[in-house]
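**Q** Contents of upload_1.txt (compact mmCIF, C-alpha atoms and all ligand atoms) are given next:
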# COMPACT_ATOMS: atom_id res chain seq x y z
CA MET A 30 -7.24 -5.74 18.40
CA SER A 31 -7.69 -5.39 14.65
CA LYS A 32 -5.63 -2.75 12.92
CA ASP A 33 -4.36 -1.49 9.56
CA ILE A 34 -5.77 -1.54 6.07
CA PHE A 35 -4.73 -4.55 4.04
CA VAL A 36 -4.85 -4.69 0.26
CA PHE A 37 -4.53 -7.81 -1.86
CA ALA A 38 -1.87 -6.87 -4.42
CA GLU A 39 -2.92 -8.89 -7.44
CA GLN A 40 -0.22 -9.89 -9.90
CA ARG A 41 -0.44 -11.99 -13.03
CA ASP A 42 2.73 -13.34 -14.64
CA GLY A 43 4.69 -11.09 -12.32
CA LYS A 44 2.86 -7.97 -13.49
CA LEU A 45 1.11 -6.07 -10.74
CA GLN A 46 -2.43 -5.28 -11.83
CA ASN A 47 -3.52 -1.64 -11.98
CA VAL A 48 -6.28 -2.31 -9.50
CA SER A 49 -3.63 -3.08 -6.88
CA TYR A 50 -2.21 0.43 -7.20
CA GLU A 51 -5.71 1.91 -7.22
CA LEU A 52 -6.64 0.12 -4.01
CA ILE A 53 -3.39 1.08 -2.30
CA GLY A 54 -4.09 4.71 -3.24
CA GLU A 55 -7.57 4.47 -1.76
CA ALA A 56 -6.29 2.61 1.30
CA ALA A 57 -3.75 5.37 1.89
CA SER A 58 -6.49 7.96 2.15
CA LEU A 59 -8.61 5.73 4.45
CA ALA A 60 -5.53 5.00 6.55
CA GLN A 61 -5.00 8.70 7.09
CA ASP A 62 -8.53 9.02 8.49
CA LEU A 63 -7.91 6.10 10.84
CA GLY A 64 -4.30 6.91 11.72
CA GLN A 65 -3.28 3.42 10.58
CA LYS A 66 -0.96 1.77 8.07
CA VAL A 67 -1.47 0.39 4.57
CA VAL A 68 -0.26 -3.19 4.21
CA ALA A 69 -0.15 -4.85 0.79
CA VAL A 70 -0.28 -8.63 0.60
CA LEU A 71 1.51 -10.09 -2.40
CA LEU A 72 1.17 -13.76 -3.37
CA GLY A 73 3.09 -15.66 -6.04
CA ASP A 74 6.30 -17.50 -6.82
CA LYS A 75 9.45 -15.36 -6.67
CA VAL A 76 7.56 -12.09 -6.44
CA LYS A 77 9.25 -10.40 -3.48
CA GLN A 78 11.09 -7.99 -5.78
CA TYR A 79 7.75 -6.32 -6.64
CA GLY A 80 7.20 -5.37 -3.01
CA ASP A 81 9.26 -2.22 -3.36
CA GLU A 82 7.05 -0.99 -6.20
CA LEU A 83 4.00 -1.31 -3.94
CA ILE A 84 5.77 0.80 -1.32
CA LYS A 85 6.52 3.52 -3.88
CA PHE A 86 2.82 3.61 -4.74
CA GLY A 87 1.69 4.10 -1.15
CA ALA A 88 1.96 0.87 0.87
CA ASP A 89 3.68 1.25 4.24
CA GLU A 90 4.46 -2.43 4.49
CA VAL A 91 4.30 -5.46 2.19
CA ILE A 92 3.70 -9.05 3.26
CA VAL A 93 4.89 -11.56 0.68
CA VAL A 94 3.81 -15.20 0.55
CA GLU A 95 6.00 -17.04 -1.93
CA ALA A 96 5.60 -20.65 -3.04
CA PRO A 97 5.70 -22.54 -6.36
CA ILE A 98 2.04 -23.47 -5.82
CA LEU A 99 1.16 -19.77 -5.96
CA LYS A 100 2.74 -19.22 -9.39
CA GLU A 101 -0.58 -19.39 -11.25
CA TYR A 102 -3.78 -18.38 -9.57
CA MET A 103 -5.61 -21.29 -7.97
CA THR A 104 -8.49 -20.70 -5.61
CA GLU A 105 -7.55 -23.01 -2.77
CA PRO A 106 -3.88 -22.10 -2.17
CA TYR A 107 -4.57 -18.37 -2.59
CA ALA A 108 -7.55 -18.53 -0.21
CA LYS A 109 -5.46 -20.49 2.29
CA ALA A 110 -2.57 -18.02 2.16
CA LEU A 111 -4.71 -14.91 2.56
CA THR A 112 -6.76 -16.51 5.33
CA ALA A 113 -3.53 -17.35 7.17
CA VAL A 114 -2.28 -13.77 6.84
CA ILE A 115 -5.59 -12.37 8.10
CA ARG A 116 -5.71 -14.76 11.07
CA ASP A 117 -2.17 -13.83 12.03
CA ARG A 118 -2.38 -10.06 11.54
CA ASN A 119 -6.05 -9.31 12.24
CA PRO A 120 -6.55 -6.37 9.85
CA GLU A 121 -9.20 -3.75 10.42
CA ILE A 122 -10.04 -3.54 6.71
CA PHE A 123 -9.22 -5.84 3.79
CA LEU A 124 -9.63 -4.66 0.19
CA ILE A 125 -9.56 -6.83 -2.92
CA GLY A 126 -9.98 -5.83 -6.58
CA ALA A 127 -13.27 -6.98 -8.10
CA THR A 128 -11.40 -8.75 -10.91
CA SER A 129 -12.22 -12.32 -11.91
CA ILE A 130 -9.60 -13.48 -9.39
CA GLY A 131 -10.79 -11.12 -6.64
CA ARG A 132 -14.42 -12.11 -7.13
CA ASP A 133 -13.47 -15.76 -6.75
CA LEU A 134 -11.24 -15.22 -3.75
CA ALA A 135 -12.99 -12.67 -1.57
CA PRO A 136 -16.16 -14.59 -0.65
CA ARG A 137 -14.17 -17.70 0.23
CA ILE A 138 -11.96 -15.74 2.59
CA SER A 139 -14.82 -13.87 4.21
CA ALA A 140 -16.63 -17.18 4.81
CA ARG A 141 -13.54 -18.74 6.38
CA ILE A 142 -12.85 -15.74 8.58
CA LYS A 143 -16.58 -15.36 9.34
CA THR A 144 -16.84 -11.73 8.43
CA GLY A 145 -19.02 -9.82 5.96
CA LEU A 146 -18.08 -8.87 2.43
CA THR A 147 -19.40 -5.99 0.35
CA ALA A 148 -18.80 -6.84 -3.28
CA ASP A 149 -18.24 -4.47 -6.18
CA CYS A 150 -17.90 -1.23 -4.24
CA THR A 151 -17.64 2.05 -6.10
CA ALA A 152 -16.81 4.28 -3.13
CA LEU A 153 -15.31 3.85 0.34
CA CYS A 154 -14.99 6.26 3.25
CA ILE A 155 -14.54 6.27 6.99
CA ASP A 156 -17.46 7.42 9.13
CA PRO A 157 -15.90 10.18 11.26
CA ASP A 158 -18.01 9.25 14.34
CA THR A 159 -17.87 5.47 14.40
CA LYS A 160 -14.63 5.07 12.41
CA LEU A 161 -16.40 2.29 10.51
CA LEU A 162 -15.77 1.72 6.81
CA MET A 163 -18.76 2.92 4.78
CA MET A 164 -18.89 0.79 1.64
CA THR A 165 -20.96 2.10 -1.26
CA ARG A 166 -22.16 -0.18 -4.03
CA PRO A 167 -24.86 0.00 -6.68
CA ALA A 168 -28.00 -1.93 -5.85
CA PHE A 169 -31.20 -2.79 -7.71
CA GLY A 170 -29.56 -2.64 -11.12
CA GLY A 171 -27.69 0.57 -10.38
CA ASN A 172 -30.84 2.57 -9.56
CA LEU A 173 -29.85 2.89 -5.94
CA MET A 174 -26.53 3.32 -4.19
CA ALA A 175 -26.44 1.26 -0.99
CA ILE A 176 -24.07 2.18 1.83
CA ILE A 177 -23.09 -0.89 3.80
CA ARG A 178 -21.12 -1.19 7.02
CA CYS A 179 -19.79 -4.17 8.92
CA LYS A 180 -20.14 -3.34 12.60
CA ASP A 181 -19.35 -6.52 14.46
CA HIS A 182 -16.83 -8.53 12.49
CA ARG A 183 -13.28 -7.97 11.30
CA PRO A 184 -11.82 -7.33 8.88
CA GLN A 185 -14.35 -5.12 7.15
CA MET A 186 -14.02 -6.59 3.66
CA ALA A 187 -14.79 -5.10 0.29
CA THR A 188 -14.07 -5.79 -3.35
CA VAL A 189 -13.70 -2.70 -5.51
CA ARG A 190 -14.16 -2.43 -9.24
CA PRO A 191 -11.03 -1.78 -11.27
CA GLY A 192 -10.79 1.72 -12.69
CA VAL A 193 -12.87 3.38 -9.99
CA MET A 194 -10.22 4.48 -7.46
CA GLN A 195 -7.23 6.70 -8.13
CA PRO A 196 -3.70 5.38 -7.66
CA MET A 197 -1.17 7.62 -5.90
CA GLU A 198 1.68 9.20 -7.84
CA LYS A 199 4.76 7.02 -7.65
CA ASP A 200 7.03 8.40 -4.95
CA LEU A 201 10.59 7.17 -5.29
CA SER A 202 11.51 8.46 -1.85
CA ARG A 203 9.04 6.19 -0.05
CA THR A 204 10.48 3.32 1.97
CA GLY A 205 8.88 0.48 3.90
CA LYS A 206 9.23 -3.04 5.16
CA VAL A 207 8.82 -5.97 2.74
CA GLU A 208 8.66 -9.22 4.72
CA ARG A 209 8.03 -12.85 3.94
CA PHE A 210 5.17 -14.74 5.57
CA GLN A 211 5.36 -18.52 5.67
CA VAL A 212 2.36 -20.65 4.77
CA LYS A 213 2.68 -24.44 4.73
CA PHE A 214 1.06 -26.00 1.68
CA ASP A 215 0.51 -29.70 1.07
CA ASP A 216 -1.01 -31.91 -1.59
CA ARG A 217 -4.52 -31.38 -0.26
CA ASP A 218 -4.25 -27.71 -1.29
CA ILE A 219 -4.13 -28.71 -4.95
CA ASN A 220 -7.64 -29.65 -5.94
CA ILE A 221 -7.35 -28.67 -9.57
CA GLU A 222 -4.79 -29.31 -12.27
CA ILE A 223 -3.93 -26.60 -14.78
CA LEU A 224 -3.62 -28.34 -18.12
CA GLU A 225 -3.13 -25.31 -20.33
CA ILE A 226 -3.26 -21.55 -20.06
CA VAL A 227 -4.85 -19.91 -23.07
CA LYS A 228 -4.25 -16.17 -23.18
CA LYS A 229 -7.02 -14.07 -24.60
CA THR A 230 -5.76 -12.22 -27.65
CA LYS A 231 -6.40 -8.54 -27.25
CA THR A 232 -8.44 -6.72 -29.83
CA ALA A 233 -6.06 -3.95 -30.73
CA ALA A 234 -8.62 -1.18 -31.16
CA ASP A 235 -8.36 1.76 -28.83
CA ILE A 236 -11.78 3.39 -28.75
CA THR A 237 -10.34 6.51 -27.16
CA ALA A 238 -8.40 7.18 -30.38
CA ALA A 239 -11.30 6.59 -32.81
CA LYS A 240 -12.65 9.56 -34.77
CA CYS A 241 -16.06 7.92 -35.04
CA LEU A 242 -17.74 5.53 -32.64
CA VAL A 243 -20.86 3.53 -33.36
CA SER A 244 -21.98 2.52 -29.91
CA GLY A 245 -24.56 -0.13 -29.07
CA GLY A 246 -26.60 -0.59 -25.92
CA ARG A 247 -29.11 -3.06 -24.57
CA GLY A 248 -31.58 -1.79 -27.17
CA ILE A 249 -29.74 -3.54 -29.99
CA GLY A 250 -31.18 -6.77 -28.64
CA ASN A 251 -28.35 -9.27 -29.04
CA LYS A 252 -24.63 -9.75 -29.54
CA GLU A 253 -24.98 -10.54 -33.25
CA TYR A 254 -26.35 -7.11 -34.01
CA PHE A 255 -22.94 -5.65 -33.23
CA GLY A 256 -22.00 -7.13 -36.64
CA GLU A 257 -24.38 -4.62 -38.24
CA LEU A 258 -22.96 -1.80 -36.15
CA ARG A 259 -19.43 -2.85 -37.09
CA GLU A 260 -20.29 -2.62 -40.79
CA LEU A 261 -21.66 0.88 -40.29
CA ALA A 262 -18.57 1.83 -38.24
CA GLU A 263 -16.30 0.56 -41.02
CA LEU A 264 -18.17 2.63 -43.58
CA LEU A 265 -17.56 5.65 -41.36
CA ASP A 266 -13.90 4.72 -40.75
CA GLY A 267 -14.73 4.25 -37.11
CA GLU A 268 -14.89 1.67 -34.35
CA ILE A 269 -17.64 0.09 -32.32
CA SER A 270 -18.14 0.69 -28.63
CA SER A 271 -20.92 0.00 -26.16
CA SER A 272 -22.75 0.79 -22.97
CA ARG A 273 -22.10 -1.27 -19.87
CA ALA A 274 -25.38 -3.12 -20.28
CA ALA A 275 -23.99 -4.64 -23.47
CA VAL A 276 -20.75 -5.58 -21.68
CA ASP A 277 -22.62 -7.09 -18.75
CA ALA A 278 -24.73 -9.12 -21.18
CA GLY A 279 -21.52 -10.56 -22.64
CA TRP A 280 -22.11 -8.94 -26.03
CA MET A 281 -19.02 -6.74 -25.99
CA ASP A 282 -15.52 -6.69 -24.48
CA LYS A 283 -15.07 -4.48 -21.47
CA GLU A 284 -12.30 -2.54 -23.21
CA ARG A 285 -14.91 -1.07 -25.56
CA GLN A 286 -17.21 0.11 -22.77
CA VAL A 287 -17.86 3.85 -22.63
CA GLY A 288 -18.69 5.54 -19.36
CA GLN A 289 -17.83 6.12 -15.76
CA THR A 290 -16.41 2.63 -15.28
CA GLY A 291 -15.37 2.26 -18.91
CA LYS A 292 -13.45 4.62 -21.19
CA THR A 293 -13.91 8.33 -21.67
CA VAL A 294 -14.14 9.13 -25.38
CA ARG A 295 -14.19 12.32 -27.42
CA PRO A 296 -14.72 11.30 -31.06
CA GLU A 297 -15.81 13.60 -33.89
CA LEU A 298 -19.00 11.52 -34.13
CA TYR A 299 -20.64 9.38 -31.45
CA LEU A 300 -23.60 7.39 -32.72
CA ALA A 301 -25.56 5.97 -29.77
CA CYS A 302 -27.80 3.09 -30.83
CA GLY A 303 -30.28 1.72 -28.30
CA ILE A 304 -28.54 3.42 -25.39
CA SER A 305 -30.80 5.12 -22.84
CA GLY A 306 -28.25 7.72 -21.72
CA ALA A 307 -27.78 6.84 -18.06
CA ILE A 308 -25.65 9.39 -16.23
CA GLN A 309 -22.78 6.87 -15.93
CA HIS A 310 -22.74 6.40 -19.70
CA VAL A 311 -23.04 10.07 -20.52
CA ALA A 312 -20.06 10.77 -18.23
CA GLY A 313 -17.87 8.95 -20.75
CA MET A 314 -19.11 10.47 -24.03
CA GLU A 315 -20.64 13.89 -23.40
CA ASN A 316 -17.58 15.69 -24.75
CA SER A 317 -17.89 14.08 -28.18
CA ASN A 318 -17.96 16.62 -30.96
CA THR A 319 -21.26 15.49 -32.48
CA VAL A 320 -23.66 13.05 -30.86
CA ILE A 321 -26.40 11.31 -32.82
CA ALA A 322 -28.78 9.04 -30.92
CA ILE A 323 -31.22 6.44 -32.19
CA ASN A 324 -33.78 5.36 -29.63
CA LYS A 325 -37.34 4.16 -29.87
CA SER A 326 -38.34 6.12 -26.79
CA GLU A 327 -38.57 9.86 -27.35
CA THR A 328 -38.07 10.46 -23.61
CA ALA A 329 -34.72 8.63 -23.51
CA PRO A 330 -32.21 10.85 -21.63
CA ILE A 331 -29.61 10.32 -24.38
CA PHE A 332 -31.53 12.85 -26.48
CA GLY A 333 -30.67 15.47 -23.83
CA VAL A 334 -26.99 15.27 -24.82
CA SER A 335 -27.51 14.69 -28.55
CA ASP A 336 -27.05 17.11 -31.43
CA LEU A 337 -29.38 14.99 -33.51
CA GLY A 338 -31.97 12.51 -32.28
CA ILE A 339 -33.72 9.84 -34.32
CA VAL A 340 -36.79 8.37 -32.64
CA GLY A 341 -37.55 4.92 -33.96
CA ASP A 342 -36.57 1.28 -34.17
CA LEU A 343 -32.84 1.07 -34.80
CA ARG A 344 -33.30 -2.16 -36.74
CA ALA A 345 -35.19 -0.18 -39.34
CA ILE A 346 -32.90 2.86 -39.18
CA ILE A 347 -29.39 1.33 -39.21
CA PRO A 348 -29.79 -0.41 -42.61
CA ARG A 349 -31.07 2.83 -44.14
CA LEU A 350 -28.22 4.75 -42.57
CA LYS A 351 -25.75 2.24 -44.03
CA GLU A 352 -27.25 2.66 -47.47
CA ALA A 353 -27.13 6.44 -47.17
CA VAL A 354 -23.45 6.40 -46.14
CA LYS A 355 -22.59 4.02 -48.98
CA LYS A 356 -24.33 6.32 -51.45
CA ALA A 357 -22.61 9.41 -50.08
CA LYS A 358 -19.21 7.71 -50.39
CA ASN A 359 -19.72 6.78 -54.06
P1 LIG B 401 -30.87 0.56 -21.11
O1 LIG B 401 -30.81 1.59 -20.05
O2 LIG B 401 -31.66 -0.66 -20.86
O3 LIG B 401 -31.38 1.29 -22.42
C1 LIG B 401 -31.72 0.61 -23.60
C2 LIG B 401 -32.31 1.67 -24.50
O4 LIG B 401 -32.56 1.08 -25.76
C3 LIG B 401 -33.64 2.23 -24.02
O5 LIG B 401 -33.56 3.63 -23.95
C4 LIG B 401 -34.66 1.77 -25.07
O6 LIG B 401 -35.66 2.74 -25.30
C5 LIG B 401 -33.77 1.60 -26.28
N1 LIG B 401 -34.24 0.62 -27.24
C6 LIG B 401 -34.70 -0.64 -27.01
N2 LIG B 401 -35.00 -1.27 -28.15
C7 LIG B 401 -34.74 -0.38 -29.14
C8 LIG B 401 -34.86 -0.45 -30.56
N3 LIG B 401 -35.29 -1.55 -31.20
N4 LIG B 401 -34.53 0.65 -31.28
C9 LIG B 401 -34.10 1.79 -30.66
N5 LIG B 401 -33.97 1.90 -29.34
C10 LIG B 401 -34.28 0.81 -28.57
N6 LIG B 401 -23.18 2.32 -17.98
C11 LIG B 401 -22.38 2.58 -19.02
O7 LIG B 401 -22.83 2.57 -20.18
N7 LIG B 401 -21.05 2.84 -18.83
C12 LIG B 401 -20.50 2.87 -17.61
O8 LIG B 401 -19.29 3.08 -17.51
C13 LIG B 401 -21.32 2.62 -16.48
N8 LIG B 401 -20.81 2.67 -15.23
C14 LIG B 401 -21.65 2.52 -14.19
C15 LIG B 401 -21.15 2.69 -12.90
C16 LIG B 401 -21.99 2.56 -11.84
C17 LIG B 401 -21.44 2.78 -10.49
C18 LIG B 401 -23.34 2.24 -12.04
C19 LIG B 401 -24.25 2.14 -10.89
C20 LIG B 401 -23.83 2.06 -13.29
C21 LIG B 401 -23.00 2.19 -14.39
N9 LIG B 401 -23.47 2.03 -15.67
C22 LIG B 401 -22.67 2.32 -16.72
C23 LIG B 401 -24.79 1.49 -15.95
C24 LIG B 401 -25.81 2.56 -16.30
O9 LIG B 401 -26.41 3.06 -15.13
C25 LIG B 401 -26.90 1.96 -17.17
O10 LIG B 401 -27.48 0.84 -16.52
C26 LIG B 401 -26.42 1.52 -18.54
O11 LIG B 401 -25.70 2.58 -19.17
C27 LIG B 401 -27.63 1.18 -19.40
O12 LIG B 401 -27.19 0.72 -20.63
P2 LIG B 401 -28.11 0.87 -21.90
O13 LIG B 401 -28.40 2.31 -22.13
O14 LIG B 401 -27.46 0.09 -22.99
O15 LIG B 401 -29.41 0.05 -21.49
What does the file become when written as structure tokens?

**A**
Amino acid sequence: MSKDIFVFAEQRDGKLQNVSYELIGEAASLAQDLGQKVVAVLLGDKVKQYGDELIKFGADEVIVVEAPILKEYMTEPYAKALTAVIRDRNPEIFLIGATSIGRDLAPRISARIKTGLTADCTALCIDPDTKLLMMTRPAFGGNLMAIIRCKDHRPQMATVRPGVMQPMEKDLSRTGKVERFQVKFDDRDINIEILEIVKKTKTAADITAAKCLVSGGRGIGNKEYFGELRELAELLDGEISSSRAAVDAGWMDKERQVGQTGKTVRPELYLACGISGAIQHVAGMENSNTVIAINKSETAPIFGVSDLGIVGDLRAIIPRLKEAVKKAKN
């Protein structure tokens, strides 16, 4: 009999990732509907001490697999450890953050366990009649929300995007069991060698604090054009930001994404360049003081939330705008 909702508690360098708390919070609400427990699974080297933190944020129980081989993330040992835990405990549901690690790990586990996996979910709920997990994820480029269920196999597995679910408030009075689970590793589990770990240096800018944001979308055409937008932003003492399409295309860092799954911003001026104004984008910028949009399509929804709309090719308009700002500043 499968039971309980398991959550992969992702940690990096001993720091529990926010998505772990978010998933535990979500699991706690699903667990209530099922009358089951939330079990967090924590992997790493000397990480047991973090188990208590997971309890305070909503886990009822924590399973810890500790081994030197788990110190840095490597696909094979992590997949082996989680597969072993699942085989032993037979969870009803298993949730993993859709981070780079989670996206690598989840399909390997689901294939080994021979169950289904719904990737990149944005909502989860329990069907009151069947008690099945209803997993919602965008489909067809986000134009449709598909609800997927996994009737015949266990666990019902999903990855969930970071930032979508709400963590629970930390409750210092919560207590629960933190137990070790033994997994035997051998040399065959190491199929890669980590030569060097290069940490990405964070761009310090916090777009939520910027007074002016020059935001680019798919309509700017390529990554390089953000250089033009940056120059305009600098003239306006602002920062650059983007739609998700630009992030997905690899043109912009995720931390500068505005919208439902990005940041919510309220600058004095939001200049939307080549952004259509999808509802998920508007959700993150509609409370800006003044919105100016440049779009070549006069029917673009962004104009519906703009104080000023400029219909035309942004590649012709941005240089003129830059000149005008320069002139005004002199
Ligand atoms: P497009 O929709 O492709 O729009 C490009 C626009 O550029 C068009 O309007 C076009 O007319 C215009 N254009 C093209 N060339 C030019 C030119 N030369 N000059 C002027 N205009 C031009 N999106 C977000 O932004 N943030 C989110 O947080 C977010 N979260 C999401 C969460 C979920 C669950 C889902 C399903 C989707 C989410 N999305 C989010 C995606 C969102 O639905 C849209 O797909 C995305 O916002 C589109 O980005 P865009 O406007 O840059 O691209």

**Q** Within 12 Å of Lys160 of chain A, counting all atoms listed in the file, which residues qualify if same-chain residues fewer than 6 places away don't, as number ranges by chain?

**A** A: 32, 59-65, 121-122, 154, 178-180, 185

**Q** Once you add 8 Å to each side, what are the centre and edge lengths of the axis-aligned box holding all listed atoms of ligand LIG 401 (chain B)? One decimal in Å, as lines of an AutoDock Vina configuration file, if you can.

**A**
center_x = -27.5
center_y = 1.0
center_z = -20.9
size_x = 32.4
size_y = 21.2
size_z = 36.8

**Q** Considering only C-alpha atoms, return as number ranges by chain whatever protein or nucleic-acid residues lie within 8 Å of segment 337-348 of chain A, sequence-local ones (same chain, fewer than 2 positions apart) excluded.

**A** A: 249, 257-258, 261, 302-303, 320-327, 332, 335, 350-352

**Q** Residues contacting ligand LIG 401 (chain B) - anything with an atom at most 7 Å away, using all atoms listed in the file - can you give me those as number ranges by chain?

**A** A: 151, 167, 170-172, 245-250, 271-275, 286-291, 302-310, 313, 323-326, 329, 341-344

**Q** Please list, as JSON, numbers by chain, the residues that have an atom at most 8 Å away from (-14.7, -12.1, 12.2) in the coordinates of this file, counting only C-alpha atoms.

**A** {"A": [142, 143, 144, 145, 181, 182, 183, 184]}

**Q** Set the distance at 12 Å and use all atoms listed in the file: which residues neighbour Pro106 of chain A once local chain neighbours fewer than 4 positions away are removed? I'd like the list as a list of chain:residue names.

**A** A:Leu72, A:Gly73, A:Val94, A:Glu95, A:Ala96, A:Pro97, A:Ile98, A:Leu99, A:Lys100, A:Glu101, A:Tyr102, A:Ala110, A:Leu111, A:Thr112, A:Ala113, A:Leu134, A:Arg137, A:Ile138, A:Val212, A:Lys213, A:Phe214, A:Asp215, A:Asp216, A:Arg217, A:Asp218, A:Ile219, A:Asn220, A:Ile221

**Q** For atom CA of Ile130 of chain A and atom CA of Glu105 of chain A, determine how far apart the two atoms are, in Å to one decimal place.

**A**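 Separation of atom CA of Ile130 of chain A and atom CA of Glu105 of chain A: 11.8 Å.
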
**Q** For atom CA of Leu124 of chain A and atom CA of Lys283 of chain A, quote the distance in Å rounded to one decimal.

**A**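 Going from atom CA of Leu124 of chain A over to atom CA of Lys283 of chain A, I get 22.3 Å.
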
**Q** Which residue out of A:Tyr299, A:Phe35, A:Tyr79, A:Tyr50 has the minimum interatomic distance to Val207 of chain A when only C-alpha atoms are used?

**A**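 Going through A:Tyr299, A:Phe35, A:Tyr79, A:Tyr50 one by one, the smallest distance to Val207 of chain A is for A:Tyr79.
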
**Q** Rounded to one decimal, what separation in Å do you get between atom CA of Ser58 of chain A and atom CA of Ser129 of chain A?

**A**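 Computed distance, atom CA of Ser58 of chain A to atom CA of Ser129 of chain A, equals 25.3 Å.
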
**Q** Given the choices A:Val193, A:Phe210, A:Lys292, A:Ile84, which gets closest to Asp117 of chain A if the distance is worked out from all atoms listed in the file?

**A**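 For Asp117 of chain A, the nearest of the given residues is A:Phe210.
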
**Q** Smallest atom-to-atom distance to Lys240 of chain A: which of A:Ile226, A:Ala140, A:Leu298, A:Met281, using all atoms listed in the file?

**A**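 Smallest distance to Lys240 of chain A is found for A:Leu298.
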
**Q** Using only C-alpha atoms, which of the listed residues (A:Arg41, A:Arg209, A:Leu300, A:Thr188) sits closest to Asp133 of chain A?

**A** A:Thr188

**Q** Pick out the closest residue to Gln40 of chain A from this set: A:Leu153, A:Ile115, A:Val70, A:Val91. Count only C-alpha atoms.

**A** A:Val70

**Q** Can you list, as a list in words, every protein, DNA or RNA residue that comes within 6 Å of Ala187 of chain A when you count only C-alpha atoms, leaving out same-chain residues fewer than 4 positions away?

**A**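 Neighbouring residues, sequence-local ones excluded: Leu124, Leu146, Thr147 and Ala148 of chain A.
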
**Q** Any chance you could build segment 196-207 of chain A out to N, CA, C and O atoms and write it as a short mmCIF file (atom, residue, chain, number, x, y, z; two decimals), in the frame of the given file?

**A**
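Written file, selection_10.cif:
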data_model
loop_
_atom_site.label_atom_id
_atom_site.label_comp_id
_atom_site.auth_asym_id
_atom_site.auth_seq_id
_atom_site.Cartn_x
_atom_site.Cartn_y
_atom_site.Cartn_z
N PRO A 196 -4.98 5.73 -8.28
CA PRO A 196 -3.70 5.38 -7.66
C PRO A 196 -2.96 6.64 -7.21
O PRO A 196 -3.26 7.74 -7.70
N MET A 197 -2.01 6.48 -6.30
CA MET A 197 -1.17 7.62 -5.90
C MET A 197 -0.07 7.80 -6.95
O MET A 197 0.24 6.87 -7.68
N GLU A 198 0.49 9.00 -7.00
CA GLU A 198 1.68 9.20 -7.84
C GLU A 198 2.80 8.35 -7.27
O GLU A 198 2.93 8.23 -6.04
N LYS A 199 3.62 7.80 -8.13
CA LYS A 199 4.76 7.02 -7.65
C LYS A 199 5.73 7.94 -6.92
O LYS A 199 6.07 9.00 -7.45
N ASP A 200 6.13 7.56 -5.73
CA ASP A 200 7.03 8.40 -4.95
C ASP A 200 8.30 7.59 -4.65
O ASP A 200 8.31 6.70 -3.80
N LEU A 201 9.36 7.95 -5.38
CA LEU A 201 10.59 7.17 -5.29
C LEU A 201 11.25 7.26 -3.92
O LEU A 201 12.06 6.42 -3.55
N SER A 202 10.88 8.29 -3.16
CA SER A 202 11.51 8.46 -1.85
C SER A 202 10.85 7.59 -0.76
O SER A 202 11.36 7.49 0.35
N ARG A 203 9.73 6.97 -1.07
CA ARG A 203 9.04 6.19 -0.05
C ARG A 203 9.82 4.91 0.28
O ARG A 203 10.34 4.23 -0.62
N THR A 204 9.85 4.58 1.56
CA THR A 204 10.48 3.32 1.97
C THR A 204 9.53 2.57 2.89
O THR A 204 8.63 3.17 3.48
N GLY A 205 9.74 1.28 3.03
CA GLY A 205 8.88 0.48 3.90
C GLY A 205 9.38 -0.94 3.99
O GLY A 205 10.28 -1.34 3.24
N LYS A 206 8.77 -1.68 4.90
CA LYS A 206 9.23 -3.04 5.16
C LYS A 206 8.56 -4.03 4.19
O LYS A 206 7.34 -3.99 4.01
N VAL A 207 9.38 -4.89 3.57
CA VAL A 207 8.82 -5.97 2.74
C VAL A 207 9.24 -7.28 3.40
O VAL A 207 10.42 -7.60 3.46
#
